[in-house]
Amino acid sequence: MIPSYDSFDWFSSLIPALVVLIPLLAAVRVGFGRRAVFVVIGLYLLALVAPRLALLHLAFWVTTAIMQPIVAITGERRRGSWVLWAALTITLAPMVAWKLWPIDFVIDINVWGNLVFRNTSDLVEAIDFTAPIVAPIGLSFSAFRAADLLIKTNLGLVDRLTPGRVLGYGLFPPLLVVGPIASYDETRTTLEQHVSLTRERTLLGALQILSGLFKVFVIAYLLSWSTDIFDVFDDNSVWRIWGSLIAFTWFFYANFDGYSDLAIGAGRLLGADLRPNFDSPYTKTTPADFWNSWHISLTRFLRTNVFTAIVGRRPQRQYAATVVTMLLIGLWHSVTWASAVFGVYHAIFLLGHRAIGRRRPPSEAAAWRFLKPALVFGWFGLSLPLLQLDLSGAIDFYGAMIGI
């Protein structure tokens with residue numbers, strides 16, 4: 001079994017580093033120097049986890065920095081789309097390999113990384129060898145950020161960038177582990193010039209970090225017991241399973257949203273205006289509104305680059321585009337049959353709710369305004385076992401929920 005990595009370990013290093021980073025950036029007002037600071041600190045924090053992890057991310061973003069100008073130059077040429085597809089294939093290949101063959105990929109990455117450091121110094125080799133063997137954390141977020149950069153470059157929305165700009169964006173410390181999948185324009189200003197740390201920016205950044213700490217260490221911590229239900233559901237009563245799943249649904253949100261807040265707050269203090277990644281999803285009253293407020297950076301990326309690309313000018317393709325988009329959201333978590341069913345489940349409800357809404361206008365009764373968020377909460381919570389178990393395990397879990 002691959003040892004897991006606690007994302008808070010990353011922020012327990014990043015947040016203290018802000019004490020040094022903030023005054024350093026205040027002194028370094030030249031864009032080149034600021035980008036160098038972000039690259040060095042990002043690699044340093046990755047090396048604290050494992051030097052081979054820093055090597056992996058550096059190699060990934062150096063490759064992206066090489067491809068980005070090529071995509072920019074060929075964007076309006078005849079073969080520009082072929083160049084883009086080739087670049088996207090190279091960009092997404094490591095993530096896809098990790099999702100398809102997780103154990104083999106992790107073993108190979110760790111072995112090859114340690115072999116590289118074996119030829120450097122005994123100290124670095126020892127540090128890397130004794131570091132916990134961890135999965136390539138942050139690779140999925142980096143892959144989607146790089147893909148977003150290349151697609152926008154091909155469309156002319158991002159100009160040809162220097163390698164330093166690509167590396168500064170790619171290794172921007174708050175974005176390396178848990179996202180959000182921030183686009184280049186969200187970090188552009190701080191990569192180019194000095195950003196004043198005003199009272200408003202300081203207050204908003206600090207409050208968002210405190211919000212993230214509260215969600216992770218209070219709400220998620222108090223509900224963390226609920227994760228055990230997926231291992232012991234066959235030894236528990238129906239009511240315990242339902243109660244644990246409800247608690248886990250809140251844990252799942254608080255934990256993810258908390259880490260997103262930590263990243264966004266830290267980014268704000270470093271001069272980046274990162275967009276929100278969650279917008280009170282459990283208060284929404286329709287499946288569409290829920291997905292527009294849940295993991296917003298991922299849904300925005302797939303809506304723009306997959307859904308819109310499939311639909312084009314043919315509205316009748318919306319059904320197929322919805323299924324493909326939701327299927328990719330499921331497979332983004334893991335390439336398993338259970339994750340695929342997760343995507344199809346949500347696609348069916350999105351399309352079903354849309355069809356019903358066309359035939360019958362939504363009720364404005366006061367009772368429905370309170371009931372609808374509860375129904376959306378339950379609808380989403382019922383799908384979470386598909387992200388925690390394999391398909392047969394999830395079927396057994398659902399059976400246990402009804403006493404089978």
# chains A, B, ... in the order shown; residues from 1 in each chain; ligands from 1
$ residues_around --residues "Gly156 (chain A)" --least-positions-apart "6" --cutoff "9 Å" --atoms "only C-alpha atoms" --output "list of chain:residue names"
A:Ala72, A:Gly75, A:Glu76
$ write_last_selection --atoms "C-alpha atoms" --output "PDB file, in the first residue's frame"
ATOM      1  CA  ALA A  72       2.263  30.120 -29.261  1.00  0.00           C
ATOM      2  CA  GLY A  75      -1.280  28.744 -32.840  1.00  0.00           C
ATOM      3  CA  GLU A  76      -2.565  30.440 -35.990  1.00  0.00           C
TER       4      GLU A  76
END
$ atom_distance --atom1 "CA of Arg360 (chain A)" --atom2 "CA of Gly381 (chain A)"
25.9 Å
$ residues_around --residues "region 143-153 of chain A" --least-positions-apart "2" --cutoff "7 Å" --atoms "only C-alpha atoms" --output "VMD selection string"
chain A and resid 64 68 71 to 72 88 91 to 92 95 139 to 141 155 to 159 181 to 184
$ residues_around --residues "region 389-400 of chain A" --least-positions-apart "2" --cutoff "9 Å" --atoms "only C-alpha atoms" --output "list in words"
Phe230, Phe233, Asp234, Asn236, Ser237, Val238, Ile241, Thr336, Trp337, Ala338, Ser339, Val341, Leu382, Leu384, Pro385, Leu386, Leu387, Ile402, Gly403 and Ile404 of chain A
$ write_last_selection --atoms "C-alpha atoms" --output "short mmCIF file (atom, residue, chain, number, x, y, z; two decimals), in the first residue's frame"
data_model
loop_
_atom_site.label_atom_id
_atom_site.label_comp_id
_atom_site.auth_asym_id
_atom_site.auth_seq_id
_atom_site.Cartn_x
_atom_site.Cartn_y
_atom_site.Cartn_z
CA PHE A 230 -16.05 2.64 4.50
CA PHE A 233 -19.75 -0.71 7.26
CA ASP A 234 -20.52 -4.43 7.24
CA ASN A 236 -22.51 -1.50 11.65
CA SER A 237 -26.23 -0.91 11.77
CA VAL A 238 -28.18 0.87 9.04
CA ILE A 241 -24.02 3.85 8.24
CA THR A 336 -11.90 3.09 -11.74
CA TRP A 337 -15.31 1.74 -12.66
CA ALA A 338 -16.68 3.24 -9.45
CA SER A 339 -15.46 6.72 -10.43
CA VAL A 341 -20.31 5.37 -12.32
CA LEU A 382 -25.08 9.26 -1.84
CA LEU A 384 -19.41 9.67 -2.34
CA PRO A 385 -19.00 5.93 -1.61
CA LEU A 386 -18.16 5.60 -5.31
CA LEU A 387 -15.06 7.75 -4.71
CA ILE A 402 -30.83 -0.64 3.26
CA GLY A 403 -30.12 -3.56 5.55
CA ILE A 404 -28.90 -6.10 3.01
#
$ atom_distance --atom1 "CA of Lys99 (chain A)" --atom2 "CA of Ala347 (chain A)"
21.7 Å
$ atom_distance --atom1 "CA of Leu222 (chain A)" --atom2 "CA of Gln208 (chain A)"
20.1 Å
$ closest_atom_pairs --of "region 283-384 of chain A" --to "region 243-251 of chain A" --cutoff "12 Å" --atoms "only C-alpha atoms" --output "JSON lines"
{"residue": "A:Ala374", "atom": "CA", "partner": "A:Ile246", "partner_atom": "CA", "distance": 11.1}
{"residue": "A:Val376", "atom": "CA", "partner": "A:Thr249", "partner_atom": "CA", "distance": 11.6}
{"residue": "A:Phe377", "atom": "CA", "partner": "A:Thr249", "partner_atom": "CA", "distance": 8.1}
{"residue": "A:Gly378", "atom": "CA", "partner": "A:Ile246", "partner_atom": "CA", "distance": 8.0}
{"residue": "A:Trp379", "atom": "CA", "partner": "A:Thr249", "partner_atom": "CA", "distance": 10.5}
{"residue": "A:Phe380", "atom": "CA", "partner": "A:Thr249", "partner_atom": "CA", "distance": 8.0}
{"residue": "A:Gly381", "atom": "CA", "partner": "A:Thr249", "partner_atom": "CA", "distance": 5.3}
{"residue": "A:Leu382", "atom": "CA", "partner": "A:Leu245", "partner_atom": "CA", "distance": 7.9}
{"residue": "A:Ser383", "atom": "CA", "partner": "A:Thr249", "partner_atom": "CA", "distance": 9.6}
{"residue": "A:Leu384", "atom": "CA", "partner": "A:Thr249", "partner_atom": "CA", "distance": 7.4}
$ write_last_selection --atoms "C-alpha atoms" --output "PDB file, in the first residue's frame"
ATOM      1  CA  ALA A 374     -31.317  19.103   1.736  1.00  0.00           C
ATOM      2  CA  VAL A 376     -29.075  18.303  -3.189  1.00  0.00           C
ATOM      3  CA  PHE A 377     -26.961  17.478  -0.129  1.00  0.00           C
ATOM      4  CA  GLY A 378     -28.385  13.953   0.007  1.00  0.00           C
ATOM      5  CA  TRP A 379     -28.062  13.469  -3.757  1.00  0.00           C
ATOM      6  CA  PHE A 380     -24.367  14.352  -3.638  1.00  0.00           C
ATOM      7  CA  GLY A 381     -23.637  12.471  -0.417  1.00  0.00           C
ATOM      8  CA  LEU A 382     -25.076   9.259  -1.840  1.00  0.00           C
ATOM      9  CA  SER A 383     -22.457   9.348  -4.608  1.00  0.00           C
ATOM     10  CA  LEU A 384     -19.411   9.671  -2.335  1.00  0.00           C
TER      11      LEU A 384
END
$ residues_around --residues "Gly330 (chain A)" --least-positions-apart "5" --cutoff "6 Å" --atoms "only C-alpha atoms" --output "PyMOL selection string"
chain A and resi 339-340+342-343
$ write_last_selection --atoms "N, CA and C atoms" --output "mmCIF file, in the first residue's frame"
data_model
loop_
_atom_site.group_PDB
_atom_site.id
_atom_site.type_symbol
_atom_site.label_atom_id
_atom_site.label_comp_id
_atom_site.auth_asym_id
_atom_site.auth_seq_id
_atom_site.Cartn_x
_atom_site.Cartn_y
_atom_site.Cartn_z
ATOM 1 N N SER A 339 -15.531 5.296 -10.098
ATOM 2 C CA SER A 339 -15.463 6.720 -10.434
ATOM 3 C C SER A 339 -16.220 7.022 -11.715
ATOM 4 N N ALA A 340 -16.181 6.085 -12.667
ATOM 5 C CA ALA A 340 -16.957 6.265 -13.899
ATOM 6 C C ALA A 340 -18.451 6.280 -13.597
ATOM 7 N N PHE A 342 -19.742 7.205 -10.798
ATOM 8 C CA PHE A 342 -19.943 8.505 -10.136
ATOM 9 C C PHE A 342 -20.264 9.582 -11.175
ATOM 10 N N GLY A 343 -19.466 9.620 -12.248
ATOM 11 C CA GLY A 343 -19.695 10.618 -13.290
ATOM 12 C C GLY A 343 -21.021 10.422 -14.000
#
$ residues_around --residues "region 27-32 of chain A" --least-positions-apart "3" --cutoff "6 Å" --atoms "only C-alpha atoms" --output "list of chain:residue names"
A:Leu24, A:Arg35, A:Leu191, A:Glu192, A:Gln193, A:His194
$ select_by_dssp --residues "region 99-326 of chain A" --states "alpha helix (DSSP H)" --output "NGL selection string"
:A and (99-100 or 102-118 or 122-130 or 139-154 or 163-170 or 188-192 or 199-214 or 221-223 or 229-232 or 238-269 or 287-291 or 296-302 or 308-311 or 318-326)
$ closest_residue --among "A:Phe290, A:Phe117, A:Tyr319, A:Pro136" --to "Ala97 (chain A)" --atoms "only C-alpha atoms"
A:Pro136
$ residues_around --residues "region 298-314 of chain A" --least-positions-apart "2" --cutoff "9 Å" --atoms "only C-alpha atoms" --output "ChimeraX atom specification"
/A:144,148,151,180-181,277,291-296,316-322,324-326,328-329
$ closest_residue --among "A:Pro102, A:Pro16, A:Gly212, A:Gly138" --to "Tyr253 (chain A)" --atoms "only C-alpha atoms"
A:Gly212
$ closest_residue --among "A:Gly80, A:Pro132, A:Gly271, A:Gly205" --to "Asn154 (chain A)" --atoms "only C-alpha atoms"
A:Gly80
$ closest_atom_pairs --of "region 8-123 of chain A" --to "region 167-178 of chain A" --cutoff "12 Å" --atoms "only C-alpha atoms" --output "tab-separated table"
residue	atom	partner	partner_atom	distance
A:Phe8	CA	A:Val177	CA	9.7
A:Asp9	CA	A:Val177	CA	10.3
A:Trp10	CA	A:Val177	CA	7.4
A:Phe11	CA	A:Pro174	CA	8.2
A:Ser12	CA	A:Pro174	CA	11.7
A:Ser13	CA	A:Pro173	CA	10.4
A:Leu14	CA	A:Pro173	CA	7.4
A:Ile15	CA	A:Pro174	CA	9.4
A:Ala17	CA	A:Pro173	CA	10.0
A:Leu18	CA	A:Pro173	CA	10.2
A:Leu21	CA	A:Pro173	CA	10.5
A:Gly31	CA	A:Gly168	CA	10.0
A:Phe32	CA	A:Gly168	CA	9.3
A:Gly33	CA	A:Gly168	CA	10.2
A:Arg34	CA	A:Gly168	CA	8.3
A:Arg35	CA	A:Gly168	CA	4.8
A:Ala36	CA	A:Gly168	CA	6.9
A:Val37	CA	A:Gly168	CA	8.3
A:Phe38	CA	A:Phe172	CA	5.5
A:Val39	CA	A:Leu171	CA	5.4
A:Val40	CA	A:Leu171	CA	8.4
A:Ile41	CA	A:Pro173	CA	6.9
A:Gly42	CA	A:Pro173	CA	4.7
A:Leu43	CA	A:Leu171	CA	7.2
A:Tyr44	CA	A:Pro173	CA	9.5
A:Leu45	CA	A:Pro173	CA	7.7
A:Leu46	CA	A:Leu176	CA	8.4
A:Val49	CA	A:Val177	CA	11.0
A:Leu53	CA	A:Leu176	CA	10.9
A:Ala54	CA	A:Leu171	CA	9.6
A:Leu55	CA	A:Leu171	CA	11.7
A:Leu56	CA	A:Leu171	CA	11.5
A:His57	CA	A:Leu171	CA	7.8
A:Leu58	CA	A:Leu171	CA	8.0
A:Ala59	CA	A:Leu167	CA	10.2
A:Phe60	CA	A:Gly170	CA	9.0
A:Trp61	CA	A:Leu167	CA	6.0
A:Val62	CA	A:Leu167	CA	6.9
A:Thr63	CA	A:Leu167	CA	9.8
A:Thr64	CA	A:Leu167	CA	8.5
A:Ala65	CA	A:Leu167	CA	6.9
A:Ile66	CA	A:Leu167	CA	10.4
A:Gln68	CA	A:Leu167	CA	11.1
$ closest_residue --among "A:Ser334, A:Thr74, A:Asn255, A:Thr285" --to "Lys215 (chain A)" --atoms "only C-alpha atoms"
A:Asn255
$ closest_residue --among "A:Tyr259, A:Val83, A:Val195, A:Leu351" --to "Ala220 (chain A)" --atoms "only C-alpha atoms"
A:Tyr259
$ decode --residues "region 253-290 of chain A" --atoms "N, CA and C atoms" --output "short mmCIF file (atom, residue, chain, number, x, y, z; two decimals), in the first residue's frame"
data_model
loop_
_atom_site.label_atom_id
_atom_site.label_comp_id
_atom_site.auth_asym_id
_atom_site.auth_seq_id
_atom_site.Cartn_x
_atom_site.Cartn_y
_atom_site.Cartn_z
N TYR A 253 -16.40 17.95 2.25
CA TYR A 253 -16.45 19.36 1.82
C TYR A 253 -15.53 20.24 2.66
N ALA A 254 -15.62 20.13 3.99
CA ALA A 254 -14.84 21.01 4.87
C ALA A 254 -13.35 20.82 4.66
N ASN A 255 -12.92 19.59 4.48
CA ASN A 255 -11.50 19.31 4.30
C ASN A 255 -10.98 19.91 3.00
N PHE A 256 -11.68 19.67 1.91
CA PHE A 256 -11.25 20.15 0.60
C PHE A 256 -11.35 21.67 0.52
N ASP A 257 -12.46 22.22 0.98
CA ASP A 257 -12.65 23.67 0.95
C ASP A 257 -11.65 24.35 1.87
N GLY A 258 -11.34 23.73 3.01
CA GLY A 258 -10.37 24.31 3.94
C GLY A 258 -9.00 24.44 3.31
N TYR A 259 -8.54 23.40 2.64
CA TYR A 259 -7.23 23.47 2.00
C TYR A 259 -7.23 24.46 0.84
N SER A 260 -8.35 24.56 0.13
CA SER A 260 -8.45 25.57 -0.93
C SER A 260 -8.34 26.97 -0.34
N ASP A 261 -8.98 27.20 0.80
CA ASP A 261 -8.88 28.50 1.46
C ASP A 261 -7.44 28.81 1.87
N LEU A 262 -6.73 27.81 2.38
CA LEU A 262 -5.33 28.01 2.76
C LEU A 262 -4.49 28.43 1.55
N ALA A 263 -4.70 27.77 0.42
CA ALA A 263 -3.96 28.08 -0.79
C ALA A 263 -4.30 29.48 -1.31
N ILE A 264 -5.60 29.80 -1.33
CA ILE A 264 -6.03 31.10 -1.85
C ILE A 264 -5.57 32.23 -0.93
N GLY A 265 -5.67 32.02 0.39
CA GLY A 265 -5.22 33.04 1.33
C GLY A 265 -3.74 33.28 1.25
N ALA A 266 -2.95 32.20 1.17
CA ALA A 266 -1.49 32.35 1.04
C ALA A 266 -1.16 33.03 -0.28
N GLY A 267 -1.85 32.66 -1.35
CA GLY A 267 -1.62 33.30 -2.64
C GLY A 267 -1.91 34.78 -2.61
N ARG A 268 -2.98 35.17 -1.90
CA ARG A 268 -3.32 36.59 -1.81
C ARG A 268 -2.21 37.38 -1.11
N LEU A 269 -1.64 36.80 -0.04
CA LEU A 269 -0.56 37.47 0.66
C LEU A 269 0.70 37.58 -0.20
N LEU A 270 0.82 36.70 -1.19
CA LEU A 270 1.97 36.73 -2.09
C LEU A 270 1.68 37.53 -3.36
N GLY A 271 0.52 38.18 -3.42
CA GLY A 271 0.21 39.08 -4.53
C GLY A 271 -0.64 38.50 -5.63
N ALA A 272 -1.13 37.26 -5.47
CA ALA A 272 -1.97 36.64 -6.49
C ALA A 272 -3.43 36.73 -6.08
N ASP A 273 -4.29 36.97 -7.03
CA ASP A 273 -5.73 37.03 -6.76
C ASP A 273 -6.37 35.75 -7.32
N LEU A 274 -6.30 34.69 -6.53
CA LEU A 274 -6.83 33.40 -6.95
C LEU A 274 -8.34 33.37 -6.76
N ARG A 275 -9.03 32.82 -7.73
CA ARG A 275 -10.49 32.77 -7.68
C ARG A 275 -10.97 31.75 -6.65
N PRO A 276 -12.16 31.93 -6.10
CA PRO A 276 -12.70 30.95 -5.14
C PRO A 276 -12.84 29.58 -5.78
N ASN A 277 -12.68 28.54 -4.97
CA ASN A 277 -12.81 27.18 -5.47
C ASN A 277 -14.13 26.53 -5.03
N PHE A 278 -14.78 27.12 -4.03
CA PHE A 278 -16.08 26.64 -3.56
C PHE A 278 -16.95 27.86 -3.26
N ASP A 279 -18.26 27.70 -3.44
CA ASP A 279 -19.19 28.78 -3.18
C ASP A 279 -20.44 28.22 -2.50
N SER A 280 -20.27 27.82 -1.23
CA SER A 280 -21.37 27.29 -0.42
C SER A 280 -22.21 26.27 -1.20
N PRO A 281 -21.60 25.19 -1.69
CA PRO A 281 -22.33 24.25 -2.56
C PRO A 281 -23.51 23.58 -1.89
N TYR A 282 -23.46 23.38 -0.57
CA TYR A 282 -24.55 22.67 0.10
C TYR A 282 -25.78 23.55 0.33
N THR A 283 -25.70 24.80 -0.09
CA THR A 283 -26.88 25.66 -0.02
C THR A 283 -27.59 25.76 -1.36
N LYS A 284 -27.06 25.13 -2.39
CA LYS A 284 -27.64 25.24 -3.72
C LYS A 284 -28.89 24.37 -3.84
N THR A 285 -29.74 24.74 -4.77
CA THR A 285 -31.06 24.08 -4.87
C THR A 285 -31.22 23.22 -6.11
N THR A 286 -30.22 23.20 -7.00
CA THR A 286 -30.29 22.36 -8.20
C THR A 286 -28.94 21.70 -8.42
N PRO A 287 -28.92 20.55 -9.12
CA PRO A 287 -27.64 19.92 -9.44
C PRO A 287 -26.70 20.83 -10.24
N ALA A 288 -27.25 21.59 -11.18
CA ALA A 288 -26.41 22.49 -11.99
C ALA A 288 -25.76 23.55 -11.11
N ASP A 289 -26.55 24.17 -10.22
CA ASP A 289 -25.99 25.19 -9.32
C ASP A 289 -24.95 24.58 -8.40
N PHE A 290 -25.18 23.35 -7.98
CA PHE A 290 -24.20 22.69 -7.12
C PHE A 290 -22.85 22.57 -7.83
#
